[in-house]
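Enquirer: structure_32.tsv is reproduced in full below (TSV, C-alpha atoms and all ligand atoms).
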```tsv
chain	number	residue	atom	x	y	z
A	9	MET	CA	99.43	108.36	117.97
A	10	PRO	CA	96.57	108.77	115.45
A	11	LEU	CA	96.73	106.65	112.30
A	12	SER	CA	97.48	109.00	109.41
A	13	PHE	CA	98.15	106.59	106.54
A	14	ILE	CA	97.73	103.04	105.25
A	15	PHE	CA	100.67	101.30	103.62
A	16	PHE	CA	100.62	97.96	101.85
A	17	VAL	CA	102.48	96.05	99.16
A	18	LYS	CA	100.67	94.37	96.25
A	19	ASP	CA	102.36	92.66	93.27
A	20	ASN	CA	105.70	93.92	94.62
A	21	ASN	CA	104.48	97.52	94.34
A	22	PRO	CA	104.21	99.83	97.34
A	23	TYR	CA	100.82	101.51	97.91
A	24	TRP	CA	100.41	104.31	100.36
A	25	PHE	CA	97.12	106.05	101.10
A	26	SER	CA	97.12	109.16	103.18
A	27	LEU	CA	94.16	109.59	105.51
A	28	ASN	CA	95.06	113.25	105.82
A	29	MET	CA	93.73	115.54	103.13
A	30	SER	CA	97.10	117.20	102.50
A	31	TYR	CA	100.64	117.54	103.79
A	32	SER	CA	100.25	120.96	105.30
A	33	LYS	CA	97.41	123.32	106.19
A	34	LYS	CA	99.30	126.15	104.53
A	35	PRO	CA	100.30	126.29	100.84
A	36	LEU	CA	103.75	124.83	100.24
A	37	VAL	CA	104.13	126.05	96.67
A	38	GLY	CA	103.64	129.51	95.20
A	39	ILE	CA	102.59	129.52	91.56
A	40	ILE	CA	102.98	132.81	89.72
A	41	MET	CA	102.65	133.86	86.11
A	42	GLY	CA	103.36	137.04	84.20
A	43	SER	CA	99.92	137.42	82.66
A	44	SER	CA	96.42	135.99	82.67
A	45	SER	CA	97.24	134.72	79.18
A	46	ASP	CA	99.73	132.31	80.81
A	47	SER	CA	97.06	130.75	83.02
A	48	ARG	CA	95.91	128.13	80.53
A	49	ILE	CA	99.45	126.76	80.40
A	50	MET	CA	100.22	127.19	84.10
A	51	LYS	CA	97.13	125.28	85.19
A	52	GLY	CA	99.11	122.11	84.42
A	53	ALA	CA	101.25	122.75	87.50
A	54	ALA	CA	98.17	123.27	89.66
A	55	GLU	CA	96.52	120.11	88.36
A	56	ILE	CA	99.39	117.77	89.21
A	57	LEU	CA	99.88	119.39	92.64
A	58	ASP	CA	96.13	118.98	93.30
A	59	GLU	CA	96.35	115.33	92.27
A	60	PHE	CA	99.02	114.79	94.93
A	61	LYS	CA	97.14	116.97	97.46
A	62	ILE	CA	99.86	119.61	97.66
A	63	LYS	CA	98.46	123.02	98.57
A	64	HIS	CA	99.52	125.94	96.41
A	65	GLU	CA	98.73	129.62	96.15
A	66	ASP	CA	98.35	131.09	92.65
A	67	GLN	CA	98.85	134.71	91.58
A	68	ILE	CA	99.61	136.94	88.59
A	69	VAL	CA	102.78	138.99	89.06
A	70	SER	CA	104.19	140.89	86.11
A	71	ALA	CA	107.91	141.64	86.32
A	72	HIS	CA	107.65	144.61	83.98
A	73	ARG	CA	104.10	145.88	84.60
A	74	THR	CA	104.12	145.46	88.40
A	75	PRO	CA	107.84	145.58	89.36
A	76	ALA	CA	107.19	146.75	92.93
A	77	ARG	CA	104.65	143.97	93.40
A	78	LEU	CA	107.33	141.51	92.34
A	79	SER	CA	109.57	142.34	95.28
A	80	GLU	CA	106.53	142.42	97.58
A	81	TYR	CA	105.61	138.95	96.34
A	82	ALA	CA	109.08	137.62	97.20
A	83	GLU	CA	108.62	138.89	100.78
A	84	HIS	CA	105.13	137.41	100.87
A	85	ALA	CA	106.48	134.03	99.68
A	86	GLU	CA	109.07	134.02	102.47
A	87	LYS	CA	106.48	135.01	105.09
A	88	MET	CA	104.12	132.31	103.87
A	89	GLY	CA	106.91	129.77	104.14
A	90	PHE	CA	106.62	128.51	100.56
A	91	LYS	CA	109.14	125.75	99.93
A	92	VAL	CA	109.20	126.23	96.17
A	93	ILE	CA	108.03	128.86	93.69
A	94	ILE	CA	106.89	127.93	90.19
A	95	ALA	CA	107.06	130.95	87.90
A	96	GLY	CA	105.79	130.94	84.33
A	97	ALA	CA	106.45	133.68	81.79
A	98	GLY	CA	106.63	134.17	78.05
A	99	GLY	CA	108.68	136.40	75.78
A	100	ALA	CA	111.58	138.04	77.63
A	101	ALA	CA	110.44	135.94	80.64
A	102	HIS	CA	112.31	137.78	83.36
A	103	LEU	CA	109.80	136.90	86.12
A	104	PRO	CA	111.45	133.64	87.35
A	105	GLY	CA	114.94	135.18	87.41
A	106	MET	CA	113.81	138.36	89.13
A	107	ILE	CA	111.96	136.41	91.81
A	108	ALA	CA	115.05	134.24	92.33
A	109	SER	CA	117.13	137.37	92.80
A	110	HIS	CA	114.84	138.43	95.66
A	111	THR	CA	114.63	135.16	97.59
A	112	VAL	CA	116.46	131.95	98.47
A	113	ILE	CA	113.32	129.87	97.89
A	114	PRO	CA	114.07	127.58	94.91
A	115	VAL	CA	112.42	128.85	91.72
A	116	ILE	CA	111.30	126.61	88.87
A	117	GLY	CA	110.75	128.56	85.67
A	118	VAL	CA	108.20	127.57	83.04
A	119	PRO	CA	109.05	129.08	79.65
A	120	ILE	CA	105.79	129.91	77.93
A	121	LEU	CA	105.07	129.93	74.24
A	122	VAL	CA	103.01	133.07	74.31
A	123	TYR	CA	99.38	132.93	73.35
A	124	ASN	CA	98.56	136.56	72.98
A	125	ASP	CA	94.89	136.30	73.82
A	126	LYS	CA	94.58	139.96	74.55
A	127	HIS	CA	94.74	140.93	70.88
A	128	THR	CA	91.22	141.72	69.76
A	129	LYS	CA	92.03	140.60	66.24
A	130	LYS	CA	93.58	137.16	66.35
A	131	THR	CA	95.80	136.19	63.46
A	132	GLU	CA	98.25	133.31	63.35
A	133	ASN	CA	101.12	135.83	63.35
A	134	SER	CA	100.02	137.72	66.41
A	135	LYS	CA	99.19	134.59	68.35
A	136	PHE	CA	102.67	133.30	69.08
A	137	SER	CA	106.00	134.66	70.22
A	138	ALA	CA	108.37	135.40	67.33
A	139	PHE	CA	110.82	132.78	68.64
A	140	GLY	CA	108.38	130.00	69.51
A	141	GLY	CA	109.19	129.79	73.22
A	142	LEU	CA	112.95	129.54	72.73
A	143	ASP	CA	113.16	133.17	73.82
A	144	SER	CA	111.62	132.36	77.21
A	145	LEU	CA	113.56	129.11	77.62
A	146	LEU	CA	116.92	130.82	77.11
A	147	SER	CA	115.92	133.81	79.20
A	148	ILE	CA	115.04	131.57	82.15
A	149	SER	CA	117.86	129.03	81.89
A	150	GLU	CA	120.63	131.52	81.14
A	151	MET	CA	120.46	133.28	84.49
A	152	PRO	CA	123.85	134.79	85.29
A	153	THR	CA	126.11	133.12	87.86
A	154	GLY	CA	124.89	133.42	91.44
A	155	SER	CA	121.12	133.49	90.96
A	156	PRO	CA	120.07	130.19	89.42
A	157	VAL	CA	116.63	129.19	88.21
A	158	VAL	CA	115.69	125.68	87.09
A	159	ALA	CA	113.93	125.66	83.73
A	160	VAL	CA	111.52	122.97	82.52
A	161	GLY	CA	110.65	122.60	78.84
A	162	VAL	CA	108.50	125.10	76.96
A	163	ASN	CA	104.92	124.98	78.31
A	164	LYS	CA	105.81	121.98	80.51
A	165	SER	CA	104.13	123.32	83.63
A	166	GLY	CA	103.17	119.82	84.79
A	167	ASN	CA	106.85	118.94	84.96
A	168	ALA	CA	107.42	122.00	87.12
A	169	GLY	CA	104.77	120.62	89.48
A	170	ILE	CA	106.49	117.21	89.61
A	171	TYR	CA	109.90	118.80	90.15
A	172	ALA	CA	108.49	120.92	92.98
A	173	MET	CA	107.19	117.77	94.63
A	174	LYS	CA	110.59	116.10	94.30
A	175	ILE	CA	112.01	118.98	96.34
A	176	LEU	CA	109.17	118.71	98.87
A	177	ALA	CA	109.64	114.94	99.10
A	178	ASN	CA	112.92	115.52	100.96
A	179	GLU	CA	110.75	116.75	103.80
A	180	PHE	CA	107.68	114.55	103.37
A	181	PRO	CA	108.52	110.83	103.15
A	182	LYS	CA	104.92	109.95	102.24
A	183	LEU	CA	105.17	112.17	99.22
A	184	LYS	CA	108.39	110.43	98.18
A	185	ILE	CA	106.55	107.11	98.18
A	186	LYS	CA	103.67	108.58	96.17
A	187	LEU	CA	106.14	109.88	93.60
A	188	LYS	CA	107.68	106.40	93.37
A	189	GLN	CA	104.19	104.98	92.83
A	190	HIS	CA	103.69	107.54	90.07
A	191	LYS	CA	106.82	106.22	88.35
A	192	ILE	CA	105.52	102.66	88.61
A	193	VAL	CA	102.23	103.74	87.01
A	194	GLN	CA	104.17	105.37	84.14
A	195	HIS	CA	106.29	102.24	83.73
A	196	LYS	CA	103.22	100.01	83.59
A	197	SER	CA	101.42	102.20	81.07
A	198	VAL	CA	104.36	101.86	78.65
A	199	LEU	CA	104.37	98.07	79.05
A	200	LYS	CA	100.60	97.94	78.47
A	201	GLU	CA	100.85	100.00	75.29
A	202	SER	CA	103.82	98.00	74.08
A	203	ASP	CA	101.85	94.76	74.57
A	204	GLU	CA	98.95	96.22	72.56
A	205	LEU	CA	101.32	97.37	69.82
A	206	LYS	CA	102.92	93.93	69.67
A	207	LYS	CA	99.53	92.20	69.62
A	208	HIS	CA	97.83	94.35	66.96
A	209	GLY	CA	100.83	95.40	64.85
A	210	LEU	CA	101.94	98.95	64.18
A	211	SER	CA	99.35	99.93	61.53
A	212	LYS	CA	96.31	98.78	63.52
A	213	PHE	CA	97.73	100.24	66.73
A	214	VAL	CA	98.13	103.69	65.16
A	215	LYS	CA	94.64	103.57	63.62
A	216	LYS	CA	93.09	102.63	66.95
A	217	LYS	CA	95.06	105.06	69.09
A	218	PHE	CA	94.97	108.14	66.90
A	219	LYS	CA	91.58	107.79	65.17
A	301	LIG	C1	104.86	138.02	79.55
A	301	LIG	O1	104.39	138.46	78.33
A	301	LIG	C2	103.78	137.14	80.10
A	301	LIG	O2	104.34	136.14	80.89
A	301	LIG	C3	103.09	136.58	78.89
A	301	LIG	O3	103.54	135.28	78.59
A	301	LIG	C4	103.50	137.53	77.78
A	301	LIG	C5	102.31	138.20	77.12
A	301	LIG	O4	101.55	138.86	78.09
A	301	LIG	P1	100.11	139.50	77.74
A	301	LIG	O5	100.34	140.45	76.65
A	301	LIG	O6	99.23	138.34	77.33
A	301	LIG	O7	99.67	140.11	79.04
A	301	LIG	O8	105.08	139.06	80.43
```
Translate the structure of the given file into structure tokens.
Ligand code: RP5

Expert:
Amino acid sequence: MPLSFIFFVKDNNPYWFSLNMSYSKKPLVGIIMGSSSDSRIMKGAAEILDEFKIKHEDQIVSAHRTPARLSEYAEHAEKMGFKVIIAGAGGAAHLPGMIASHTVIPVIGVPILVYNDKHTKKTENSKFSAFGGLDSLLSISEMPTGSPVVAVGVNKSGNAGIYAMKILANEFPKLKIKLKQHKIVQHKSVLKESDELKKHGLSKFVKKKFK
């Protein structure tokens, strides 16, 4: 059997290096967004998946401007064998819920605080959604009984990526270990910062960190 990973323990922490480039040759996650203006937020999901070497396919699917394409996409996602769909949308944000109504693939919704880049004249008023992202959050999380969608926080696309990997980790034990490592890294970074804060005192710490 070919060696596909190296596992070792150092300082009581597990380390696991995959010799394979990724977990699957085909994308495991479908990332969709309602508009190109969502892409700057949604790239956070792609970045964390890339970091963990999880293949994803990314597309723009508008629930209201391309409704037929939406149902076609759901079929495509099933044919492709995606394990999870991450769907980001702003405003009325019906894309995640509509996709969930077409498929049994779990859908993670990213509520987006709309940056309306397409306005030629940009003013502060036209830039954001009237309800600051709460509109999208409620729209995604308040799916009626029978067609659930998980919602992460407003613009928290990276969290959607991590959540998707937690689902995938049920199937890929190596990924589960990498996610545990990720938690250890987070834990250690808090301890490191706390040590610095304790050493320098609050005023100096703030000056140094946020200069
Ligand atoms: C939603 O409307 C999209 O998800 C986007 O967040 C928002 C604004 O879309 P554009 O006007 O930028 O295309 O459908």

Enquirer: Where does chain A meet ligand LIG 301 (chain A) within 9 Å, residue by residue, with the nearest atom pair and distance in Å to one decimal for each, counting only C-alpha atoms and all ligand atoms, listed by chain and rising number, as a tab-separated table?

Expert:
```
residue	atom	partner	partner_atom	distance
A:Met41	CA	A:LIG301	O2	5.9
A:Gly42	CA	A:LIG301	O2	3.6
A:Ser43	CA	A:LIG301	O7	4.5
A:Ser44	CA	A:LIG301	O7	6.4
A:Ser45	CA	A:LIG301	O6	4.5
A:Asp46	CA	A:LIG301	O3	5.3
A:Val69	CA	A:LIG301	O2	8.8
A:Ser70	CA	A:LIG301	O8	6.0
A:Ala71	CA	A:LIG301	O8	7.0
A:His72	CA	A:LIG301	O8	7.1
A:Arg73	CA	A:LIG301	O8	8.1
A:Gly96	CA	A:LIG301	O2	6.4
A:Ala97	CA	A:LIG301	O2	3.4
A:Gly98	CA	A:LIG301	O3	3.3
A:Gly99	CA	A:LIG301	O1	5.4
A:Ala100	CA	A:LIG301	C1	7.0
A:Ala101	CA	A:LIG301	C1	6.1
A:His102	CA	A:LIG301	O8	7.9
A:Leu103	CA	A:LIG301	O2	7.6
A:Pro119	CA	A:LIG301	O3	8.4
A:Ile120	CA	A:LIG301	O3	5.9
A:Leu121	CA	A:LIG301	O3	7.1
A:Val122	CA	A:LIG301	O3	4.8
A:Tyr123	CA	A:LIG301	O6	6.7
A:Asn124	CA	A:LIG301	O6	4.7
A:Asp125	CA	A:LIG301	O6	5.9
A:Lys126	CA	A:LIG301	O6	5.7
A:His127	CA	A:LIG301	O5	8.1
A:Ser137	CA	A:LIG301	C4	8.5
A:Ser144	CA	A:LIG301	O3	8.7
```

Enquirer: Could you state the separation of CA of Ala85 in chain A and CA of Lys33 in chain A in Å, given to one decimal place?

Expert: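 One can read the CA of Ala85 in chain A to CA of Lys33 in chain A distance as 15.5 Å.
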
Enquirer: Go through A:His190, A:Leu142, A:Ile94, A:Ile113 and flag the residue nearest Gly52 in chain A, using all atoms listed in the file for the distances.

Expert: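 Comparing A:His190, A:Leu142, A:Ile94, A:Ile113 against Gly52 in chain A, the winner is A:Ile94.
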
Enquirer: So that I can see what lies close to Val118 in chain A, please list as a PDB file with C-alpha atoms, in the frame of the given file the residues with an atom at most 8 Å from it, counting only C-alpha atoms and leaving out residues fewer than 2 positions away in the same chain.

Expert:
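Result file selection12.pdb:
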```pdb
ATOM      1  CA  ILE A  94     106.890 127.930  90.190  1.00  0.00           C
ATOM      2  CA  ALA A  95     107.060 130.950  87.900  1.00  0.00           C
ATOM      3  CA  GLY A  96     105.790 130.940  84.330  1.00  0.00           C
ATOM      4  CA  ALA A  97     106.450 133.680  81.790  1.00  0.00           C
ATOM      5  CA  ILE A 116     111.300 126.610  88.870  1.00  0.00           C
ATOM      6  CA  ILE A 120     105.790 129.910  77.930  1.00  0.00           C
ATOM      7  CA  LEU A 145     113.560 129.110  77.620  1.00  0.00           C
ATOM      8  CA  ILE A 148     115.040 131.570  82.150  1.00  0.00           C
ATOM      9  CA  ALA A 159     113.930 125.660  83.730  1.00  0.00           C
ATOM     10  CA  VAL A 160     111.520 122.970  82.520  1.00  0.00           C
ATOM     11  CA  GLY A 161     110.650 122.600  78.840  1.00  0.00           C
ATOM     12  CA  VAL A 162     108.500 125.100  76.960  1.00  0.00           C
ATOM     13  CA  ASN A 163     104.920 124.980  78.310  1.00  0.00           C
ATOM     14  CA  LYS A 164     105.810 121.980  80.510  1.00  0.00           C
ATOM     15  CA  SER A 165     104.130 123.320  83.630  1.00  0.00           C
ATOM     16  CA  ALA A 168     107.420 122.000  87.120  1.00  0.00           C
TER      17      ALA A 168
END
```

Enquirer: Give me, please, the distance in Å between CA of Gln189 in chain A and CA of Tyr31 in chain A, quoted to one decimal.

Expert: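 CA of Tyr31 in chain A lies 17.0 Å from CA of Gln189 in chain A.
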
Enquirer: Would you compute the distance between CA of Phe218 in chain A and CA of Val198 in chain A? Give it in Å to one decimal.

Expert: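 CA of Val198 in chain A lies at a distance of 16.3 Å from CA of Phe218 in chain A.
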
Enquirer: Of the residues A:Phe90, A:Tyr171, A:Tyr81, A:Phe213, which is the one nearest to Val37 in chain A, using only C-alpha atoms?

Expert: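 Using only C-alpha atoms, Val37 in chain A sits closest to A:Phe90.
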
Enquirer: Measuring atom to atom with all atoms listed in the file, identify which of A:Pro75, A:Pro152, A:Gly105, A:Gly117 is nearest to Asn167 in chain A.

Expert: A:Gly117

Enquirer: I want to know what sits within 7 Å of Lys63 in chain A, based on all atoms listed in the file, with residues of the same chain fewer than 4 positions away left out; could you give that as a PDB file with C-alpha atoms, in the frame of the given file?

Expert:
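Writing the result to selection-v1.pdb gives the following:
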```pdb
ATOM      1  CA  LYS A  34      99.300 126.150 104.530  1.00  0.00           C
ATOM      2  CA  PRO A  35     100.300 126.290 100.840  1.00  0.00           C
ATOM      3  CA  LEU A  36     103.750 124.830 100.240  1.00  0.00           C
ATOM      4  CA  VAL A  37     104.130 126.050  96.670  1.00  0.00           C
TER       5      VAL A  37
END
```

Enquirer: Check the smallest atom-to-atom distance from each of A:Ala76, A:Gly141, A:Ile68, A:Lys174 to Lys91 in chain A using all atoms listed in the file, then report the winner.

Expert: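 Distance minimum relative to Lys91 in chain A lands on A:Lys174.
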
Enquirer: Can you work out which one of A:Ser109, A:Ser202, A:Gln67, A:Ser197 has the shortest atom-to-atom distance to Thr153 in chain A, counting only C-alpha atoms?

Expert: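 Using only C-alpha atoms, the shortest distance to Thr153 in chain A belongs to A:Ser109.
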